[in-house]
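The structure under discussion appears below in the form of structure tokens.
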Amino acid sequence: MKLSAVTLLATLGSAASFAPSLVGSRSSTALFGRKPFISGNWKLNPQTKEEAVALASEIASSITDDSPDADVALFVPYVFIETAMDAVDGKLQVGAEGVCPEIQGAFTGAVSASMLDSVGVQWALAGHSERRVIFGETDEYINGQCVKLIEQGMSVMLCIGESEAEYEQNLAGSVCAVQLKKGLAGISKEDLDRVTIAYEPVWAIGTGKVATPDVAQKVHAECRSILAGMYDQEAADSIRILYGGSVTPESVDELMAQPDIDGCLVGGASLDSAKFSRIINFQ
């Protein structure tokens, strides 16, 4: 990769980590300054520190001077964060899979934004469908996570997306509008350079189903229109919207060719270094 994440952070400062650049591989990216962003979400994997070190090291080694000029990040379990940071040696960002919207107090099992910040984390996920559905995190709770991360000077990847039933009822745009408006409540246009959106249709996560590039592009464009209404067109054109949902080496190139798809949030394939390396090195 032509410019490592650490070098970029040192230049811009942590408050603007991964801010949109003027370099991109596609016409829309170059026009609006949206630098591609490839990220992996390890979820409840792997099972040992040794496995985490091996996987992170293999992924980092796939980023070379010939790789696309893109930001790369891994969102990993809390216990592996510092280990993974050491393993990747500054070639990519290591983020957290979640955060508590409280800073301190009687919240057993929680991890705060300030705790993450203190060990060098600059990115965290918020709103992933598994957190919404399995753990009952509400839009209000997710908004608290987003706001707290921004207040801490960190960055957030807000995940949004509809269920299969909602998709079949043509409600994808409506669901995304609610989740965007509630998730970003209280976040100003000036702070959007530290926000990335990940559109993940719930019916495609871990199922092997992938929204066709045309379907994904349509929803991404609709999300950008929603953001223009919430802020303005300049803000909407600048924010990165990633696609997530069973992204594979076979699907990534066509997805990344779409004008409003600025990257991918990858689940299962990020646990296979060969597959994720191919996704990082999309064509």
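Ligands are numbered from 1 in the order shown, chains are lettered A, B, ... in the order of the structure tokens, and residues start at 1 in each chain.
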Among range 214-256 of chain A, which ones does DSSP place in strand (DSSP E), written as a ChimeraX atom specification? /A:240-244
Go ahead and dump the residues you just picked, N, CA and C atoms, as a CSV table (one decimal), in the first residue's frame.
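Below you can see result_25.csv, which holds the result:
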chain,number,residue,atom,x,y,z
A,240,ARG,N,-18.3,7.9,3.4
A,240,ARG,CA,-18.1,6.6,2.8
A,240,ARG,C,-19.2,5.7,3.2
A,241,ILE,N,-19.7,4.9,2.3
A,241,ILE,CA,-20.7,3.9,2.6
A,241,ILE,C,-20.2,2.6,2.1
A,242,LEU,N,-20.0,1.7,3.0
A,242,LEU,CA,-19.5,0.3,2.7
A,242,LEU,C,-20.6,-0.7,2.5
A,243,TYR,N,-20.3,-1.7,1.8
A,243,TYR,CA,-21.3,-2.8,1.7
A,243,TYR,C,-20.8,-4.0,2.5
A,244,GLY,N,-21.7,-4.6,3.2
A,244,GLY,CA,-21.4,-5.8,4.0
A,244,GLY,C,-22.5,-6.9,3.8
Write out as a list in words the residues lying within 10 Å of range 82-88 of chain A, counting only C-alpha atoms and excluding same-chain residues fewer than 4 positions away.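 Residues near the query, excluding close chain neighbours: Lys49, Glu50, Ala52, Val53, Ala54, Leu55, Ala56, Ser57, Glu58, Ile59, Ala60, Ser61, Leu74, Phe75, Val76, Pro77, Tyr78, Leu92, Gln93, Val94, Gly95, Val119, Gly120 and Val121 of chain A.
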Taking 6 positions as the minimum chain separation for residues in the same chain, which residues sit within 8 Å of range 196-213 of chain A when counting only C-alpha atoms? Answer as a PyMOL selection string. chain A and resi 129+156-164+220+239-247+254-255+258+264-265+267-268
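For the set A:Ala216, A:Val252, A:Ile226, A:Ala185, the residue with the smallest atom-to-atom gap to Tyr141 in chain A is A:Ala185, counting only C-alpha atoms.
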Option closest in space to Asp237 in chain A, from A:Pro259, A:Gly173, A:Gly183, A:Gly153 [counting only C-alpha atoms]: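 Selected residue with least distance to Asp237 in chain A: A:Pro259.
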Atomic distance CA of Ser188 in chain A - CA of Tyr231 in chain A, expressed in Å with one decimal: 8.2 Å
Restricting the calculation to only C-alpha atoms, which member of A:Val195, A:Val79, A:Ile63, A:Glu234 is positioned closest to Pro46 in chain A?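 Of A:Val195, A:Val79, A:Ile63, A:Glu234, the one nearest Pro46 in chain A is A:Val79, counting only C-alpha atoms.
Assigned to helix (DSSP H, G or I) in range 60-119 of chain A, given DSSP computed from backbone atoms, are Ala60, Ser61, Tyr78, Val79, Phe80, Ile81, Glu82, Thr83, Ala84, Met85, Asp86, Ala87, Val88, Ala113, Ser114, Met115, Leu116, Asp117 and Ser118 of chain A.
Distance check against Asn143 in chain A using only C-alpha atoms: of A:Thr48, A:Gln179, A:Gln122, A:Asn170, the minimum falls on A:Gln179.
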